[in-house]
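> So here's structure20.txt (compact mmCIF, C-alpha atoms).
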# COMPACT_ATOMS: atom_id res chain seq x y z
CA MET A 1 51.60 -83.68 129.10
CA ALA A 2 48.98 -84.56 126.48
CA THR A 3 47.61 -81.68 124.42
CA THR A 4 44.06 -81.62 123.11
CA GLN A 5 43.60 -80.84 119.43
CA GLN A 6 40.82 -78.38 118.58
CA PRO A 7 38.60 -79.36 115.63
CA PRO A 8 39.19 -77.06 112.62
CA THR A 9 36.86 -74.04 112.59
CA LEU A 10 34.19 -74.46 109.91
CA VAL A 11 33.17 -71.37 107.92
CA ASN A 12 30.90 -72.00 104.91
CA GLY A 13 31.66 -75.69 105.38
CA VAL A 14 35.38 -74.99 104.81
CA LYS A 15 37.93 -76.06 107.43
CA VAL A 16 39.68 -72.70 107.51
CA GLU A 17 42.44 -73.85 109.84
CA ASN A 18 43.35 -76.49 107.25
CA LEU A 19 43.31 -73.79 104.58
CA PHE A 20 45.77 -71.66 106.59
CA ARG A 21 47.84 -74.78 107.32
CA THR A 22 48.03 -75.44 103.55
CA ILE A 23 49.27 -71.89 102.97
CA GLU A 24 51.99 -72.29 105.62
CA ALA A 25 53.00 -75.68 104.18
CA ILE A 26 53.39 -74.16 100.69
CA LYS A 27 55.49 -71.31 102.06
CA ALA A 28 57.79 -73.92 103.62
CA ALA A 29 57.88 -76.20 100.54
CA PRO A 30 56.78 -74.32 97.38
CA GLY A 31 56.87 -77.46 95.19
CA ILE A 32 53.81 -78.93 96.86
CA ALA A 33 51.67 -76.21 95.23
CA LYS A 34 52.09 -77.82 91.80
CA PHE A 35 49.07 -79.86 90.68
CA LYS A 36 48.37 -81.86 87.53
CA PHE A 37 44.71 -82.66 86.81
CA ARG A 38 43.80 -85.32 84.28
CA ILE A 39 40.93 -87.00 82.49
CA ARG A 40 40.61 -89.70 79.85
CA ASN A 41 37.86 -89.65 77.24
CA ARG A 42 36.41 -92.36 75.03
CA TRP A 43 34.18 -91.79 72.03
CA GLU A 44 31.06 -93.97 71.93
CA GLU A 45 29.13 -92.93 68.79
CA GLY A 46 28.05 -89.70 67.14
CA SER A 47 27.99 -86.97 69.77
CA LEU A 48 28.12 -89.37 72.73
CA ASN A 49 31.39 -89.71 74.61
CA ARG A 50 32.50 -90.35 78.16
CA SER A 51 35.33 -89.06 80.38
CA THR A 52 36.75 -90.80 83.43
CA VAL A 53 38.33 -88.80 86.23
CA GLY A 54 40.63 -90.50 88.71
CA ALA A 55 44.12 -89.92 90.04
CA PHE A 56 45.84 -86.54 89.95
CA TYR A 57 49.19 -85.17 91.07
CA GLY A 58 49.45 -82.65 93.89
CA ALA A 59 50.94 -81.86 97.29
CA GLY A 60 54.15 -83.54 96.15
CA GLN A 61 52.77 -86.95 95.18
CA GLU A 62 50.31 -88.96 93.10
CA GLN A 63 46.85 -88.72 94.65
CA SER A 64 44.62 -91.71 94.09
CA ARG A 65 40.86 -91.77 94.56
CA THR A 66 38.77 -94.58 95.96
CA LYS A 67 36.53 -94.40 92.87
CA GLN A 68 36.53 -92.87 89.41
CA PHE A 69 33.99 -90.29 88.32
CA VAL A 70 32.34 -90.77 84.92
CA LEU A 71 31.23 -87.68 82.99
CA GLU A 72 29.15 -88.01 79.83
CA ALA A 73 28.46 -85.63 76.97
CA ASP A 74 25.94 -85.70 74.14
CA GLU A 75 24.07 -83.19 71.98
CA PRO A 76 20.34 -82.51 71.79
CA PRO A 77 18.44 -83.68 68.65
CA VAL A 78 18.51 -80.20 67.07
CA LEU A 79 22.32 -80.57 67.10
CA LEU A 80 22.08 -84.13 65.72
CA GLY A 81 22.55 -85.97 69.03
CA THR A 82 20.44 -88.20 71.25
CA ASP A 83 20.33 -85.92 74.33
CA GLN A 84 21.61 -88.48 76.83
CA ALA A 85 23.73 -85.88 78.65
CA ALA A 86 24.57 -82.17 78.79
CA ASN A 87 26.59 -81.00 75.81
CA PRO A 88 30.24 -79.86 75.88
CA VAL A 89 29.55 -76.12 76.10
CA GLU A 90 27.05 -76.71 78.91
CA HIS A 91 29.79 -78.65 80.73
CA LEU A 92 32.04 -75.63 80.22
CA LEU A 93 29.41 -73.41 81.89
CA HIS A 94 29.21 -75.91 84.78
CA ALA A 95 33.00 -75.83 85.17
CA LEU A 96 32.83 -72.03 85.33
CA ALA A 97 29.87 -71.97 87.75
CA SER A 98 31.31 -74.53 90.13
CA CYS A 99 34.75 -72.91 90.15
CA LEU A 100 33.47 -69.36 90.71
CA THR A 101 31.26 -70.65 93.53
CA THR A 102 33.93 -72.68 95.30
CA SER A 103 36.55 -69.93 94.90
CA MET A 104 34.13 -67.40 96.40
CA VAL A 105 33.15 -69.74 99.25
CA TYR A 106 36.79 -70.58 100.15
CA HIS A 107 38.07 -67.00 100.04
CA ALA A 108 35.02 -65.72 101.96
CA ALA A 109 35.69 -68.40 104.60
CA ALA A 110 39.34 -67.30 104.85
CA ARG A 111 38.10 -63.76 105.61
CA GLY A 112 35.48 -64.96 108.11
CA ILE A 113 32.57 -63.98 105.84
CA GLN A 114 29.65 -66.35 106.45
CA LEU A 115 27.51 -67.09 103.38
CA ASP A 116 24.01 -68.47 103.91
CA GLU A 117 22.99 -69.31 100.34
CA VAL A 118 24.46 -68.88 96.87
CA GLU A 119 22.70 -69.44 93.56
CA SER A 120 23.89 -68.46 90.11
CA SER A 121 22.75 -68.53 86.50
CA PHE A 122 24.90 -68.62 83.36
CA GLU A 123 24.05 -67.93 79.73
CA GLY A 124 26.45 -67.95 76.78
CA ASP A 125 26.01 -67.14 73.08
CA ILE A 126 27.21 -69.30 70.20
CA ASP A 127 26.58 -68.66 66.50
CA LEU A 128 26.79 -71.86 64.43
CA HIS A 129 28.09 -69.91 61.43
CA GLY A 130 31.48 -70.43 63.12
CA PHE A 131 31.34 -74.17 63.81
CA LEU A 132 29.89 -74.90 60.37
CA ASP A 133 32.53 -72.84 58.48
CA LEU A 134 29.77 -70.62 57.03
CA ASP A 135 31.39 -67.32 58.07
CA LYS A 136 35.09 -67.05 58.90
CA ASP A 137 34.46 -63.82 60.84
CA VAL A 138 32.20 -65.60 63.35
CA ARG A 139 34.12 -67.32 66.12
CA LYS A 140 33.44 -70.97 66.85
CA GLY A 141 33.37 -70.54 70.62
CA PHE A 142 31.30 -68.51 73.05
CA GLN A 143 30.93 -64.87 72.01
CA GLY A 144 30.20 -63.88 75.60
CA ILE A 145 28.90 -65.33 78.87
CA ARG A 146 26.57 -63.52 81.30
CA VAL A 147 26.57 -64.54 84.96
CA THR A 148 24.25 -63.54 87.81
CA PHE A 149 25.11 -64.48 91.39
CA LYS A 150 22.40 -64.33 94.04
CA ILE A 151 23.88 -64.27 97.53
CA LYS A 152 22.19 -64.52 100.90
CA ALA A 153 24.50 -63.18 103.62
CA ASP A 154 24.31 -60.74 106.52
CA VAL A 155 26.37 -58.04 104.82
CA PRO A 156 25.63 -54.54 103.45
CA ASP A 157 24.46 -54.32 99.81
CA ALA A 158 27.79 -52.85 98.72
CA GLN A 159 29.63 -55.95 99.91
CA LEU A 160 27.70 -58.36 97.65
CA SER A 161 29.79 -57.40 94.61
CA GLU A 162 32.99 -57.67 96.66
CA ILE A 163 32.01 -61.21 97.64
CA ALA A 164 31.37 -62.13 93.99
CA GLU A 165 34.77 -60.66 93.13
CA LEU A 166 36.39 -63.13 95.54
CA GLY A 167 35.19 -65.69 92.97
CA THR A 168 36.22 -63.89 89.78
CA GLY A 169 39.49 -62.80 91.37
CA HIS A 170 40.61 -66.31 92.31
CA SER A 171 38.80 -68.92 90.19
CA PRO A 172 41.13 -71.08 88.07
CA VAL A 173 38.38 -71.74 85.50
CA PHE A 174 37.42 -68.04 85.26
CA ASP A 175 41.08 -67.14 84.79
CA SER A 176 41.57 -69.94 82.22
CA LEU A 177 38.46 -69.03 80.25
CA THR A 178 38.79 -65.24 80.24
CA ARG A 179 42.56 -65.08 79.60
CA GLY A 180 43.03 -68.21 77.50
CA VAL A 181 45.21 -71.29 77.97
CA PRO A 182 47.80 -72.83 75.62
CA VAL A 183 46.61 -76.31 74.60
CA PHE A 184 49.05 -78.70 72.92
CA VAL A 185 47.46 -81.51 70.88
CA LYS A 186 49.09 -84.54 69.31
CA ALA A 187 47.53 -87.45 67.43
CA GLU A 188 48.63 -91.10 67.34
CA ARG A 189 47.31 -94.30 65.84
CA LEU A 190 45.25 -96.42 68.24
CA MET B 1 3.28 -89.16 42.69
CA ALA B 2 4.48 -90.14 46.13
CA THR B 3 8.21 -89.86 46.78
CA THR B 4 10.04 -92.20 49.10
CA GLN B 5 12.31 -90.63 51.70
CA GLN B 6 15.72 -92.21 52.14
CA PRO B 7 16.92 -92.63 55.72
CA PRO B 8 19.79 -90.23 56.51
CA THR B 9 23.22 -91.71 55.81
CA LEU B 10 25.04 -92.49 59.05
CA VAL B 11 28.78 -91.80 59.22
CA ASN B 12 30.40 -92.09 62.66
CA GLY B 13 26.87 -92.24 64.07
CA VAL B 14 26.16 -88.78 62.61
CA LYS B 15 23.18 -88.29 60.27
CA VAL B 16 25.19 -86.42 57.66
CA GLU B 17 22.20 -85.60 55.48
CA ASN B 18 20.69 -83.80 58.48
CA LEU B 19 23.99 -81.97 58.95
CA PHE B 20 23.93 -80.77 55.34
CA ARG B 21 20.22 -79.90 55.71
CA THR B 22 21.10 -77.76 58.76
CA ILE B 23 23.74 -75.92 56.72
CA GLU B 24 21.24 -75.22 53.92
CA ALA B 25 18.62 -74.07 56.45
CA ILE B 26 21.09 -71.61 58.02
CA LYS B 27 22.02 -70.24 54.61
CA ALA B 28 18.31 -69.58 54.00
CA ALA B 29 17.63 -68.13 57.49
CA PRO B 30 20.88 -67.02 59.18
CA GLY B 31 19.16 -66.17 62.48
CA ILE B 32 18.52 -69.83 63.29
CA ALA B 33 22.29 -70.30 63.84
CA LYS B 34 22.15 -68.27 67.08
CA PHE B 35 22.15 -70.43 70.21
CA LYS B 36 22.06 -69.55 73.91
CA PHE B 37 23.18 -72.26 76.33
CA ARG B 38 22.37 -71.99 80.02
CA ILE B 39 22.88 -73.59 83.38
CA ARG B 40 21.84 -72.79 86.95
CA ASN B 41 24.05 -73.60 89.92
CA ARG B 42 23.28 -73.95 93.62
CA TRP B 43 25.87 -74.05 96.38
CA GLU B 44 25.40 -76.85 98.90
CA GLU B 45 28.29 -76.55 101.39
CA GLY B 46 32.03 -76.07 101.25
CA SER B 47 33.26 -77.18 97.83
CA LEU B 48 30.07 -79.05 96.94
CA ASN B 49 27.70 -77.45 94.44
CA ARG B 50 25.31 -78.59 91.76
CA SER B 51 24.32 -77.32 88.31
CA THR B 52 21.09 -78.09 86.48
CA VAL B 53 20.99 -78.05 82.69
CA GLY B 54 17.67 -77.79 80.89
CA ALA B 55 16.18 -75.56 78.21
CA PHE B 56 18.29 -73.62 75.72
CA TYR B 57 17.58 -71.31 72.81
CA GLY B 58 18.43 -72.27 69.25
CA ALA B 59 17.11 -72.83 65.74
CA GLY B 60 14.88 -69.81 66.23
CA GLN B 61 13.03 -70.90 69.37
CA GLU B 62 13.23 -72.04 72.97
CA GLN B 63 14.21 -75.70 73.09
CA SER B 64 12.89 -77.66 76.05
CA ARG B 65 14.19 -81.00 77.22
CA THR B 66 12.18 -83.90 78.59
CA LYS B 67 14.48 -84.01 81.63
CA GLN B 68 17.11 -81.87 83.33
CA PHE B 69 20.70 -83.00 83.71
CA VAL B 70 22.34 -82.52 87.11
CA LEU B 71 26.10 -81.93 87.26
CA GLU B 72 27.95 -81.94 90.58
CA ALA B 73 31.31 -80.58 91.64
CA ASP B 74 33.42 -81.09 94.74
CA GLU B 75 37.10 -81.09 95.68
CA PRO B 76 39.28 -83.95 96.92
CA PRO B 77 40.33 -83.94 100.62
CA VAL B 78 43.79 -82.50 99.83
CA LEU B 79 41.91 -79.46 98.50
CA LEU B 80 39.64 -79.38 101.58
CA GLY B 81 36.62 -81.10 100.00
CA THR B 82 34.76 -84.37 100.42
CA ASP B 83 35.46 -85.85 96.94
CA GLN B 84 31.84 -86.54 96.04
CA ALA B 85 32.39 -85.43 92.42
CA ALA B 86 35.03 -84.30 89.94
CA ASN B 87 36.35 -80.82 90.67
CA PRO B 88 35.75 -77.70 88.53
CA VAL B 89 39.02 -77.85 86.57
CA GLU B 90 38.45 -81.56 85.83
CA HIS B 91 35.01 -80.58 84.49
CA LEU B 92 36.77 -78.03 82.30
CA LEU B 93 39.01 -80.79 80.89
CA HIS B 94 35.89 -82.90 80.23
CA ALA B 95 34.25 -79.99 78.40
CA LEU B 96 37.37 -79.67 76.25
CA ALA B 97 37.67 -83.43 75.63
CA SER B 98 34.03 -83.93 74.73
CA CYS B 99 33.95 -80.89 72.44
CA LEU B 100 37.16 -81.75 70.58
CA THR B 101 35.89 -85.30 70.10
CA THR B 102 32.42 -84.37 68.87
CA SER B 103 33.77 -81.62 66.60
CA MET B 104 36.25 -84.08 65.07
CA VAL B 105 33.59 -86.78 64.66
CA TYR B 106 31.05 -84.43 63.00
CA HIS B 107 33.51 -82.80 60.61
CA ALA B 108 35.04 -86.17 59.71
CA ALA B 109 31.52 -87.46 58.99
CA ALA B 110 30.83 -84.45 56.74
CA ARG B 111 33.94 -85.39 54.74
CA GLY B 112 33.03 -89.09 54.61
CA ILE B 113 35.94 -90.10 56.89
CA GLN B 114 34.95 -93.16 58.90
CA LEU B 115 36.43 -93.32 62.41
CA ASP B 116 36.53 -96.67 64.18
CA GLU B 117 37.67 -95.67 67.66
CA VAL B 118 38.80 -92.49 69.38
CA GLU B 119 40.37 -92.19 72.81
CA SER B 120 42.06 -89.17 74.33
CA SER B 121 43.89 -88.09 77.46
CA PHE B 122 44.19 -84.61 78.95
CA GLU B 123 46.56 -83.21 81.58
CA GLY B 124 46.74 -79.62 82.79
CA ASP B 125 49.05 -77.80 85.22
CA ILE B 126 47.93 -75.55 88.05
CA ASP B 127 50.18 -73.92 90.66
CA LEU B 128 48.28 -73.07 93.87
CA HIS B 129 50.56 -70.06 94.47
CA GLY B 130 48.06 -68.28 92.18
CA PHE B 131 44.76 -69.32 93.79
CA LEU B 132 46.13 -68.71 97.29
CA ASP B 133 47.50 -65.20 96.50
CA LEU B 134 51.03 -66.35 97.42
CA ASP B 135 52.67 -65.13 94.19
CA LYS B 136 51.04 -62.52 91.96
CA ASP B 137 53.17 -63.63 89.01
CA VAL B 138 51.64 -67.14 89.05
CA ARG B 139 48.33 -67.33 87.21
CA LYS B 140 45.32 -68.83 88.97
CA GLY B 141 44.22 -70.89 85.98
CA PHE B 142 45.77 -73.65 83.90
CA GLN B 143 49.32 -72.85 82.80
CA GLY B 144 49.00 -75.29 79.92
CA ILE B 145 47.06 -78.39 78.85
CA ARG B 146 48.53 -81.39 77.00
CA VAL B 147 46.23 -83.55 74.86
CA THR B 148 46.88 -86.88 73.15
CA PHE B 149 44.32 -88.28 70.72
CA LYS B 150 44.50 -91.96 69.76
CA ILE B 151 42.57 -92.66 66.59
CA LYS B 152 41.72 -95.95 64.91
CA ALA B 153 40.78 -95.37 61.28
CA ASP B 154 41.70 -96.79 57.88
CA VAL B 155 43.76 -93.77 56.84
CA PRO B 156 47.48 -93.12 56.17
CA ASP B 157 49.57 -92.04 59.18
CA ALA B 158 49.85 -88.50 57.84
CA GLN B 159 46.08 -88.07 57.95
CA LEU B 160 45.79 -88.76 61.71
CA SER B 161 46.93 -85.24 62.56
CA GLU B 162 44.59 -83.77 59.95
CA ILE B 163 41.69 -85.62 61.58
CA ALA B 164 42.66 -84.27 65.01
CA GLU B 165 42.81 -80.78 63.47
CA LEU B 166 39.17 -81.13 62.44
CA GLY B 167 38.57 -81.06 66.20
CA THR B 168 40.90 -78.20 67.14
CA GLY B 169 39.83 -76.23 64.08
CA HIS B 170 36.11 -76.34 64.88
CA SER B 171 35.56 -77.02 68.60
CA PRO B 172 33.65 -74.24 70.42
CA VAL B 173 35.26 -75.18 73.76
CA PHE B 174 38.79 -75.31 72.28
CA ASP B 175 38.21 -71.91 70.67
CA SER B 176 36.74 -70.49 73.90
CA LEU B 177 39.54 -71.82 76.07
CA THR B 178 42.52 -71.01 73.85
CA ARG B 179 41.35 -67.55 72.73
CA GLY B 180 39.43 -66.43 75.83
CA VAL B 181 35.82 -65.35 76.32
CA PRO B 182 34.43 -62.14 77.86
CA VAL B 183 32.47 -63.06 81.01
CA PHE B 184 30.17 -60.46 82.60
CA VAL B 185 29.33 -61.04 86.27
CA LYS B 186 26.80 -59.26 88.46
CA ALA B 187 25.79 -59.92 92.05
CA GLU B 188 22.38 -59.47 93.71
CA ARG B 189 20.89 -60.19 97.09
CA LEU B 190 19.03 -63.51 97.31
Output the file's structure as structure tokens, nothing else.


Amino acid sequence: MATTQQPPTLVNGVKVENLFRTIEAIKAAPGIAKFKFRIRNRWEEGSLNRSTVGAFYGAGQEQSRTKQFVLEADEPPVLLGTDQAANPVEHLLHALASCLTTSMVYHAAARGIQLDEVESSFEGDIDLHGFLDLDKDVRKGFQGIRVTFKIKADVPDAQLSEIAELGTGHSPVFDSLTRGVPVFVKAERL
Amino acid sequence: MATTQQPPTLVNGVKVENLFRTIEAIKAAPGIAKFKFRIRNRWEEGSLNRSTVGAFYGAGQEQSRTKQFVLEADEPPVLLGTDQAANPVEHLLHALASCLTTSMVYHAAARGIQLDEVESSFEGDIDLHGFLDLDKDVRKGFQGIRVTFKIKADVPDAQLSEIAELGTGHSPVFDSLTRGVPVFVKAERL
């Protein structure tokens, strides 16, 4: 007898049945949870450079893409660039924003929490005394980042913070940025 | 008597006289070294969201831009998305790549080191047992990131690593990511 297959239930645009299926698949074969993400970057001139994003490894095999994504970076004139693209620390804020948002949306979907709209704003402080070696006590990176999430959902006020914490509690970029990541660098002749 | 102004000397596409002028200006007025970088993000659906990058604060005043940059993020199908853009952790690798490259290029320029070409590749490991709450001992973020810089420059072999260390020793994103940043999140009703 033929069985009919139900379409996956969509919550927040996430196919939650596929999410639960992924979890069951990982329980059965833990190795498929290991992912390797990659980019390649090429310097153009001055503060202008370009990354390409293509294949990655995950779910037990190489994963190709039908096209590559190209990401650019530049600096504004006050930082000696030509302002053809967002700068590296702005890209870092985008990585954080997009990861917090997607992590929140996925984990809300898994709990059946419908979100109507989500907006967020990010601001981070940098003191150039660090980058320019003018004060060794001033760090080169962000001193702190402030984030405001604005959420439209049919939930009590008290639950808004819990929803945001689904993001901070699960986001790979938030975890990487707040706890730190070991980065191993080697240099070769081209 | 009129003085003629020399054009700034370009090294690696960087106007090094402007770089030294910036350093002198900060020594004279330390407050102008404080920058605030910002983005705004808006969730579209599922894993698709978009950041806009515009004005920032720095050099003692609000700095507007003639146009906004739009950065997208999505996930590939194996991570339940529609693959319309690089994903958040790939954006994080781009932030790291672009910042290491620009930091290396600027600080090499300040030292008069001419770089001919720079390419780099980045790979980072993530185990979904963390994101999916399947193992509390597995972190949600990157477990480690491997970077290879390939540099074409008329320098002895031994100096290639020193040039790469101009990047790791000064990059705001490298510093942020390896040492961690405090991130303060609040949630409001939209």

> Given the point (31.8, -77.2, 83.2) in the file's coordinates, find the residues that have an atom at most 7 Å from it, counting only C-alpha atoms, and give them as a list in words.

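Residues satisfying the cut-off, written out: Glu90, His91, Leu92, Leu93, His94, Ala95 and Leu96 of chain A; Pro88, His91, Leu92 and Ala95 of chain B.
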
> Here is a test: counting only C-alpha atoms, which residue of B:Gln84, B:Thr102, B:Thr66, B:Gln159 is nearest to chain A?

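That would be B:Thr102, the residue with the smallest distance to chain A.
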
> Counting all atoms listed in the file, select every polymer residue within 9 Å of (24.0, -83.8, 84.0) as defined in the file's coordinates, and provide the selection as a JSON list (two decimals) with C-alpha atoms, keeping the file's coordinate frame.


[["chain", "number", "residue", "atom", "x", "y", "z"],
["A", 71, "LEU", "CA", 31.23, -87.68, 82.99],
["A", 72, "GLU", "CA", 29.15, -88.01, 79.83],
["A", 73, "ALA", "CA", 28.46, -85.63, 76.97],
["A", 84, "GLN", "CA", 21.61, -88.48, 76.83],
["A", 85, "ALA", "CA", 23.73, -85.88, 78.65],
["A", 86, "ALA", "CA", 24.57, -82.17, 78.79],
["A", 91, "HIS", "CA", 29.79, -78.65, 80.73],
["B", 51, "SER", "CA", 24.32, -77.32, 88.31],
["B", 52, "THR", "CA", 21.09, -78.09, 86.48],
["B", 53, "VAL", "CA", 20.99, -78.05, 82.69],
["B", 68, "GLN", "CA", 17.11, -81.87, 83.33],
["B", 69, "PHE", "CA", 20.70, -83.00, 83.71],
["B", 70, "VAL", "CA", 22.34, -82.52, 87.11],
["B", 71, "LEU", "CA", 26.10, -81.93, 87.26],
["B", 72, "GLU", "CA", 27.95, -81.94, 90.58]]

> Which is closer to chain B than all the others in A:Ile113, A:Leu166, A:Ala55, A:Cys99, using all atoms listed in the file?

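Among the listed residues, the smallest separation from chain B belongs to A:Cys99.
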
> What's the 10 Å shell around range 169-174 of chain B, counting all atoms listed in the file, without same-chain residues fewer than 5 positions away, as a ChimeraX atom specification?

/A:88-92,126-128,130-133,139-143,177,180-183 /B:92-93,95-104,106-107,162-164,179-180

> When you count all atoms listed in the file, which of these residues is closest to chain A: B:Leu10, B:Ile151, B:Ala108, B:Ile26?

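Smallest distance to chain A is found for B:Ile151.
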
> Kindly indicate which residue among B:Lys27, B:Lys36, B:Lys136, B:Lys67 lies nearest to chain A, using only C-alpha atoms for the distances.

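Of all the options, B:Lys36 lies closest to chain A.
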
> Quick one: distance from CA of Gly112 in chain A to CA of Val16 in chain A in Å, one decimal?

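Computing the Euclidean distance for CA of Gly112 in chain A and CA of Val16 in chain A yields 8.8 Å.
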
> Calculate how many Å separate CA of Ile145 in chain A from CA of Val105 in chain A, rounding to one decimal.

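Distance reported for this atom pair: 21.3 Å.
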
> Just how far from CA of Gly58 in chain B is CA of Lys186 in chain B, in Å to one decimal?

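We find that CA of Lys186 in chain B and CA of Gly58 in chain B lie 24.7 Å from each other.
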
> When you count all atoms listed in the file, which of these residues is closest to chain A: B:Ala109, B:Val118, B:Ala28, B:Leu79?

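Closest candidate: B:Val118.
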
> For each of B:Leu48, B:Val185, B:Ala59, B:Phe20, take the minimum atom-to-atom distance to Phe122 in chain A, counting all atoms listed in the file, then give the residue where this is smallest.

B:Val185

> At a cut-off of 8 Å, using only C-alpha atoms, what residues contact Phe56 in chain A? Leave out same-chain residues fewer than 5 positions from it and give the result as JSON, numbers by chain.

{"A": [35, 36, 37, 38, 62, 63, 64]}

> Selection from above, C-alpha atoms, as a PDB file, in the frame of the given file, can you write it?


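Saved the output as result.pdb:
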ATOM      1  CA  PHE A  35      49.070 -79.860  90.680  1.00  0.00           C
ATOM      2  CA  LYS A  36      48.370 -81.860  87.530  1.00  0.00           C
ATOM      3  CA  PHE A  37      44.710 -82.660  86.810  1.00  0.00           C
ATOM      4  CA  ARG A  38      43.800 -85.320  84.280  1.00  0.00           C
ATOM      5  CA  GLU A  62      50.310 -88.960  93.100  1.00  0.00           C
ATOM      6  CA  GLN A  63      46.850 -88.720  94.650  1.00  0.00           C
ATOM      7  CA  SER A  64      44.620 -91.710  94.090  1.00  0.00           C
TER       8      SER A  64
END

> With all atoms listed in the file as the counted atoms, please give the residues lying no more than 6 Å from Glu75 in chain B, apart from itself and same-chain residues fewer than 6 positions off, as JSON, numbers by chain.

{"B": [47, 81, 83, 87]}

> If we count all atoms listed in the file, what is near Gly60 in chain A at a cut-off of 9 Å, once residues fewer than 4 positions away on the same chain are taken out, given as a list in words?

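Near neighbours after the sequence-gap exclusion: Gly31, Ile32, Ala33, Lys34 and Phe35 of chain A.
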
> Keeping C-alpha atoms for every residue in the selection just given, could you write it to a file as a PDB file, keeping the file's coordinate frame?


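Okay, this is what ended up in part15.pdb:
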ATOM      1  CA  GLY A  31      56.870 -77.460  95.190  1.00  0.00           C
ATOM      2  CA  ILE A  32      53.810 -78.930  96.860  1.00  0.00           C
ATOM      3  CA  ALA A  33      51.670 -76.210  95.230  1.00  0.00           C
ATOM      4  CA  LYS A  34      52.090 -77.820  91.800  1.00  0.00           C
ATOM      5  CA  PHE A  35      49.070 -79.860  90.680  1.00  0.00           C
TER       6      PHE A  35
END

> Put a box with edges along x, y and z around all the listed atoms of range 146-157 of chain A, pad it by 4 Å on each side, then give me its centre and sizes in Å, one decimal, as lines of an AutoDock Vina configuration file.


center_x = 24.4
center_y = -59.4
center_z = 93.9
size_x = 12.4
size_y = 18.2
size_z = 33.2

> Could you give me, as a PyMOL selection string, the residues within 7 Å of Lys15 in chain A, counting all atoms listed in the file and dropping anything in the same chain fewer than 6 positions from it?

(chain A and resi 8-9) or (chain B and resi 80)

> Output as a compact mmCIF listing (two decimals), keeping the file's coordinate frame: range 53-63 of chain A, completed with N, CA, C and O atoms.


# COMPACT_ATOMS: atom_id res chain seq x y z
N VAL A 53 37.50 -89.68 85.42
CA VAL A 53 38.33 -88.80 86.23
C VAL A 53 38.79 -89.59 87.43
O VAL A 53 37.97 -90.13 88.18
N GLY A 54 40.12 -89.71 87.59
CA GLY A 54 40.63 -90.50 88.71
C GLY A 54 41.79 -89.81 89.39
O GLY A 54 41.64 -88.72 89.94
N ALA A 55 42.95 -90.44 89.32
CA ALA A 55 44.12 -89.92 90.04
C ALA A 55 44.56 -88.57 89.50
O ALA A 55 44.33 -88.22 88.35
N PHE A 56 45.21 -87.80 90.35
CA PHE A 56 45.84 -86.54 89.95
C PHE A 56 47.14 -86.43 90.72
O PHE A 56 47.43 -87.23 91.62
N TYR A 57 47.94 -85.42 90.36
CA TYR A 57 49.19 -85.17 91.07
C TYR A 57 49.07 -83.88 91.85
O TYR A 57 48.57 -82.88 91.33
N GLY A 58 49.50 -83.89 93.11
CA GLY A 58 49.45 -82.65 93.89
C GLY A 58 50.00 -82.88 95.28
O GLY A 58 50.10 -84.01 95.74
N ALA A 59 50.37 -81.78 95.94
CA ALA A 59 50.94 -81.86 97.29
C ALA A 59 52.15 -82.79 97.31
O ALA A 59 52.38 -83.51 98.28
N GLY A 60 52.89 -82.82 96.20
CA GLY A 60 54.15 -83.54 96.15
C GLY A 60 54.06 -85.01 95.81
O GLY A 60 55.09 -85.70 95.84
N GLN A 61 52.88 -85.51 95.48
CA GLN A 61 52.77 -86.95 95.18
C GLN A 61 51.53 -87.26 94.35
O GLN A 61 50.63 -86.45 94.22
N GLU A 62 51.52 -88.48 93.77
CA GLU A 62 50.31 -88.96 93.10
C GLU A 62 49.20 -89.10 94.13
O GLU A 62 49.42 -89.62 95.22
N GLN A 63 48.01 -88.65 93.76
CA GLN A 63 46.85 -88.72 94.65
C GLN A 63 45.83 -89.65 94.01
O GLN A 63 45.25 -89.33 92.97
